[in-house]
Protein chains: 2
Amino acid sequence: MKFTPSEQEELLFLFKTLSNQLGPKFERNTQFSLSRIELLYQLVQSDEMSQSTLQKSVNIDHAAITRHLKQLEADGLVSRRRNPHDNRETIVQITEEGYRQIMNCQKDKLSFANRMFHEINDVELRSLMDMLKRIQENIKDF
Amino acid sequence: MKFTPSEQEELLFLFKTLSNQLGPKFERNTQFSLSRIELLYQLVQSDEMSQSTLQKSVNIDHAAITRHLKQLEADGLVSRRRNPHDNRETIVQITEEGYRQIMNCQKDKLSFANRMFHEINDVELRSLMDMLKRIQENIKDF
DNA sequence: GGTCAATGTTTGACGCCTCAATAATATATA
DNA sequence: TATATATTATTGAGGCGTCAAACATTGACC
């Protein structure tokens, strides 16, 4: 009647559970959701970019990107305008205020990450990253 | 103007991204969401249990549990009744049909996990699991 | 120029999650 | 017994994600 789970299955569940817990906790500690931080972060790196390139760099669905950016724009953290050379594109740029706020929460973000990876050393961290990237590659075209 | 992300930050984002991709892909391959599979799986293990103990074992919010079980009940995969000895509790049990279906998708689930962890060996798997558990412990009371 | 396919954005529908508030029941205690 | 407290389940509101459909614009080709 019973059946024991393979380690792989266990890992799959653990992975999902952990990630579900991570999001809300992160947000409570930094005032920004992981996705918004990542978006703003990309915009700091590249100063300005189209929504579609932004989408590709963070791997979130187009629709979600649109909604995030609309909200970030409403909050004054981001500005958007049409690309004059190609009116289909929307070019996004971080504002002064956006820059200020993301810098402001750097500290909290780092502290969160530090506690999250507490007592996990660099070698382990590297191997963790490596495995996650391989997994991502493995499931790419499911 | 720019700032380079720490490895920890990168990992944090990678983790979230990967997990976001995992859910939908899993569901496309098995007909069940990760959460529903996990719930049914628990019910196979324990034959019958109260919602609150079920909740504790899968680490999902009470509210989500209620909604999942209502739907699973509507689908005929699960039966629910009040505990006669404590009318606050709802006792949940998997049905024949539920058992049939979860057994039926075992194959797909295993095949998914296999491809997902392709070329990641047992030692690595063990260490991955270990790290995830430590992280979970680390963020427990954020 | 007119048509057609590709590209980029937006919207709607819907799933899953969390948190907070409510309701029902059980338990402890004055 | 009456009242306060704790436990369990439910509901409502709202965030974030996906997919699919609609729309505008561009570019290629006749």
# chains A, B, ... in the order shown; residues from 1 in each chain; ligands from 1

$ interface_residues --of "chain B" --to "chain D" --cutoff "10 Å" --atoms "only C-alpha atoms (C1' of nucleotides)" --output "PDB file with N, CA, C and O atoms, in the first residue's frame"
ATOM      1  N   ASN B  20      10.377  28.739 -10.250  1.00  0.00           N
ATOM      2  CA  ASN B  20       9.252  29.221 -11.050  1.00  0.00           C
ATOM      3  C   ASN B  20       9.084  28.408 -12.323  1.00  0.00           C
ATOM      4  O   ASN B  20       7.969  28.181 -12.777  1.00  0.00           O
ATOM      5  N   GLN B  21      10.193  27.996 -12.883  1.00  0.00           N
ATOM      6  CA  GLN B  21      10.106  27.220 -14.118  1.00  0.00           C
ATOM      7  C   GLN B  21       9.669  25.783 -13.842  1.00  0.00           C
ATOM      8  O   GLN B  21       8.987  25.160 -14.640  1.00  0.00           O
ATOM      9  N   GLY B  23       7.595  24.375 -11.558  1.00  0.00           N
ATOM     10  CA  GLY B  23       6.183  24.067 -11.325  1.00  0.00           C
ATOM     11  C   GLY B  23       5.404  23.774 -12.587  1.00  0.00           C
ATOM     12  O   GLY B  23       4.883  22.663 -12.750  1.00  0.00           O
ATOM     13  N   PRO B  24       5.299  24.746 -13.473  1.00  0.00           N
ATOM     14  CA  PRO B  24       4.532  24.528 -14.700  1.00  0.00           C
ATOM     15  C   PRO B  24       5.036  23.349 -15.527  1.00  0.00           C
ATOM     16  O   PRO B  24       4.222  22.600 -16.058  1.00  0.00           O
ATOM     17  N   SER B  50      -5.827  14.357   9.690  1.00  0.00           N
ATOM     18  CA  SER B  50      -6.572  15.612   9.761  1.00  0.00           C
ATOM     19  C   SER B  50      -5.905  16.638   8.862  1.00  0.00           C
ATOM     20  O   SER B  50      -4.726  16.524   8.542  1.00  0.00           O
ATOM     21  N   GLN B  51      -6.664  17.629   8.480  1.00  0.00           N
ATOM     22  CA  GLN B  51      -6.102  18.658   7.607  1.00  0.00           C
ATOM     23  C   GLN B  51      -4.911  19.347   8.243  1.00  0.00           C
ATOM     24  O   GLN B  51      -3.947  19.667   7.568  1.00  0.00           O
ATOM     25  N   SER B  52      -5.001  19.555   9.547  1.00  0.00           N
ATOM     26  CA  SER B  52      -3.926  20.320  10.170  1.00  0.00           C
ATOM     27  C   SER B  52      -2.620  19.522  10.221  1.00  0.00           C
ATOM     28  O   SER B  52      -1.543  20.084  10.041  1.00  0.00           O
ATOM     29  N   HIS B  62      -2.557  26.995   5.648  1.00  0.00           N
ATOM     30  CA  HIS B  62      -3.871  26.402   5.906  1.00  0.00           C
ATOM     31  C   HIS B  62      -4.850  26.667   4.763  1.00  0.00           C
ATOM     32  O   HIS B  62      -5.538  25.780   4.299  1.00  0.00           O
ATOM     33  N   ALA B  63      -4.899  27.936   4.379  1.00  0.00           N
ATOM     34  CA  ALA B  63      -5.900  28.349   3.394  1.00  0.00           C
ATOM     35  C   ALA B  63      -5.738  27.576   2.086  1.00  0.00           C
ATOM     36  O   ALA B  63      -6.728  27.107   1.512  1.00  0.00           O
ATOM     37  N   ILE B  65      -4.345  24.699   1.713  1.00  0.00           N
ATOM     38  CA  ILE B  65      -4.712  23.302   1.955  1.00  0.00           C
ATOM     39  C   ILE B  65      -6.210  23.104   1.795  1.00  0.00           C
ATOM     40  O   ILE B  65      -6.667  22.200   1.089  1.00  0.00           O
ATOM     41  N   THR B  66      -6.967  23.952   2.469  1.00  0.00           N
ATOM     42  CA  THR B  66      -8.418  23.860   2.367  1.00  0.00           C
ATOM     43  C   THR B  66      -8.867  23.863   0.914  1.00  0.00           C
ATOM     44  O   THR B  66      -9.647  23.016   0.480  1.00  0.00           O
ATOM     45  N   ARG B  67      -8.355  24.822   0.149  1.00  0.00           N
ATOM     46  CA  ARG B  67      -8.797  24.936  -1.243  1.00  0.00           C
ATOM     47  C   ARG B  67      -8.369  23.741  -2.086  1.00  0.00           C
ATOM     48  O   ARG B  67      -9.143  23.230  -2.903  1.00  0.00           O
ATOM     49  N   ASP B  86     -13.665  15.079  17.734  1.00  0.00           N
ATOM     50  CA  ASP B  86     -13.308  16.494  17.811  1.00  0.00           C
ATOM     51  C   ASP B  86     -13.820  17.187  16.559  1.00  0.00           C
ATOM     52  O   ASP B  86     -13.180  17.180  15.511  1.00  0.00           O
ATOM     53  N   ASN B  87     -14.966  17.790  16.734  1.00  0.00           N
ATOM     54  CA  ASN B  87     -15.665  18.316  15.564  1.00  0.00           C
ATOM     55  C   ASN B  87     -14.993  19.486  14.864  1.00  0.00           C
ATOM     56  O   ASN B  87     -15.478  19.965  13.839  1.00  0.00           O
ATOM     57  N   ARG B  88     -13.872  19.938  15.422  1.00  0.00           N
ATOM     58  CA  ARG B  88     -13.154  20.989  14.708  1.00  0.00           C
ATOM     59  C   ARG B  88     -12.371  20.409  13.541  1.00  0.00           C
ATOM     60  O   ARG B  88     -12.178  21.045  12.518  1.00  0.00           O
ATOM     61  N   GLU B  89     -11.925  19.208  13.734  1.00  0.00           N
ATOM     62  CA  GLU B  89     -11.065  18.591  12.732  1.00  0.00           C
ATOM     63  C   GLU B  89     -11.810  18.036  11.533  1.00  0.00           C
ATOM     64  O   GLU B  89     -12.927  17.541  11.646  1.00  0.00           O
ATOM     65  N   THR B  90     -11.151  18.120  10.394  1.00  0.00           N
ATOM     66  CA  THR B  90     -11.634  17.435   9.207  1.00  0.00           C
ATOM     67  C   THR B  90     -10.645  16.319   8.892  1.00  0.00           C
ATOM     68  O   THR B  90      -9.447  16.553   8.790  1.00  0.00           O
TER      69      THR B  90
END

$ select_by_dssp --residues "chain B" --states "alpha helix (DSSP H)" --output "number ranges by chain"
B: 7-30, 34-46, 51-58, 62-74, 96-116, 122-138

$ residues_around --residues "Gly98 (chain B)" --least-positions-apart "3" --cutoff "7 Å" --atoms "only C-alpha atoms (C1' of nucleotides)" --output "PyMOL selection string"
chain B and resi 77-78+94-95+101-102

$ interface_residues --of "chain A" --to "chain B" --cutoff "7 Å" --atoms "only C-alpha atoms" --output "NGL selection string"
:A and (2 or 8-9 or 11 or 16-19 or 25 or 44-45 or 59 or 113 or 115-118 or 128-129 or 135-136 or 138-139 or 142)

$ write_last_selection --atoms "N, CA, C and O atoms" --output "short mmCIF file (atom, residue, chain, number, x, y, z; two decimals), in the first residue's frame"
data_model
loop_
_atom_site.label_atom_id
_atom_site.label_comp_id
_atom_site.auth_asym_id
_atom_site.auth_seq_id
_atom_site.Cartn_x
_atom_site.Cartn_y
_atom_site.Cartn_z
N LYS A 2 1.92 1.24 0.80
CA LYS A 2 2.80 2.41 0.83
C LYS A 2 3.87 2.30 -0.24
O LYS A 2 4.12 1.24 -0.76
N GLN A 8 15.20 11.61 -5.33
CA GLN A 8 14.92 12.65 -6.33
C GLN A 8 13.57 13.30 -6.09
O GLN A 8 13.43 14.52 -6.15
N GLU A 9 12.57 12.45 -5.79
CA GLU A 9 11.25 13.00 -5.52
C GLU A 9 11.27 13.90 -4.29
O GLU A 9 10.70 14.99 -4.28
N LEU A 11 13.68 15.53 -3.11
CA LEU A 11 14.36 16.77 -3.46
C LEU A 11 13.44 17.72 -4.21
O LEU A 11 13.44 18.94 -3.97
N LYS A 16 10.57 22.85 -4.00
CA LYS A 16 9.38 23.68 -4.13
C LYS A 16 9.01 24.33 -2.81
O LYS A 16 8.73 25.53 -2.72
N THR A 17 9.01 23.52 -1.75
CA THR A 17 8.66 24.03 -0.44
C THR A 17 9.57 25.19 -0.03
O THR A 17 9.12 26.25 0.41
N LEU A 18 10.86 24.95 -0.21
CA LEU A 18 11.83 25.96 0.20
C LEU A 18 11.59 27.26 -0.56
O LEU A 18 11.58 28.35 0.03
N SER A 19 11.37 27.13 -1.85
CA SER A 19 11.18 28.33 -2.64
C SER A 19 9.90 29.07 -2.26
O SER A 19 9.86 30.29 -2.24
N LYS A 25 9.42 35.54 2.90
CA LYS A 25 10.40 35.92 3.91
C LYS A 25 11.33 37.00 3.37
O LYS A 25 11.66 37.96 4.06
N VAL A 44 19.71 48.76 -13.16
CA VAL A 44 20.89 49.47 -12.68
C VAL A 44 22.10 49.09 -13.52
O VAL A 44 22.91 49.91 -13.90
N GLN A 45 22.16 47.82 -13.85
CA GLN A 45 23.29 47.32 -14.64
C GLN A 45 23.33 47.96 -16.03
O GLN A 45 24.40 48.30 -16.54
N ASN A 59 13.84 35.95 -17.08
CA ASN A 59 13.09 34.70 -17.21
C ASN A 59 11.75 34.68 -16.53
O ASN A 59 11.39 33.69 -15.87
N ALA A 113 20.66 37.28 2.53
CA ALA A 113 21.40 36.22 1.85
C ALA A 113 22.42 35.60 2.80
O ALA A 113 22.63 34.39 2.82
N ARG A 115 22.31 35.35 6.06
CA ARG A 115 21.69 34.46 7.04
C ARG A 115 21.17 33.20 6.37
O ARG A 115 21.25 32.10 6.90
N MET A 116 20.64 33.39 5.17
CA MET A 116 20.10 32.24 4.44
C MET A 116 21.19 31.20 4.16
O MET A 116 20.95 30.00 4.32
N PHE A 117 22.37 31.66 3.79
CA PHE A 117 23.45 30.72 3.47
C PHE A 117 24.42 30.56 4.62
O PHE A 117 25.59 30.19 4.42
N HIS A 118 23.95 30.83 5.80
CA HIS A 118 24.79 30.74 6.98
C HIS A 118 25.43 29.36 7.10
O HIS A 118 24.75 28.34 7.01
N LEU A 128 26.58 24.28 -5.32
CA LEU A 128 25.13 24.48 -5.36
C LEU A 128 24.74 25.22 -6.63
O LEU A 128 23.85 24.81 -7.38
N MET A 129 25.41 26.32 -6.85
CA MET A 129 25.15 27.11 -8.05
C MET A 129 25.31 26.26 -9.30
O MET A 129 24.48 26.30 -10.21
N ILE A 135 20.57 21.76 -13.56
CA ILE A 135 19.16 21.41 -13.52
C ILE A 135 18.36 22.30 -14.46
O ILE A 135 17.51 21.83 -15.22
N GLN A 136 18.66 23.59 -14.40
CA GLN A 136 17.95 24.51 -15.28
C GLN A 136 18.14 24.12 -16.74
O GLN A 136 17.20 24.15 -17.53
N ASN A 138 18.81 21.13 -17.79
CA ASN A 138 18.11 19.86 -18.00
C ASN A 138 16.62 20.03 -18.29
O ASN A 138 16.05 19.30 -19.10
N ILE A 139 16.01 20.97 -17.62
CA ILE A 139 14.55 21.11 -17.79
C ILE A 139 14.21 22.15 -18.84
O ILE A 139 13.03 22.44 -19.07
N PHE A 142 11.32 21.22 -21.51
CA PHE A 142 10.24 20.31 -21.10
C PHE A 142 8.96 20.90 -21.64
O PHE A 142 7.98 20.95 -21.12
#

$ interface_residues --of "chain C" --to "chain A" --cutoff "12 Å" --atoms "only C-alpha atoms (C1' of nucleotides)" --output "count of residues only"
10

$ atom_distance --atom1 "CA of Leu69 (chain A)" --atom2 "CA of Val92 (chain A)"
8.2 Å

$ select_by_dssp --residues "region 42-89 of chain A" --states "strand (DSSP E or B)" --output "list in words"
Glu48, Met49, Ser50, Val78, Ser79, Arg80, Arg81, Arg82, Asn83, Asp86, Asn87, Arg88 and Glu89 of chain A

$ closest_residue --among "B:Gln55, B:Arg81, B:Asn104, B:Ala64" --to "Phe32 (chain B)" --atoms "only C-alpha atoms"
B:Asn104
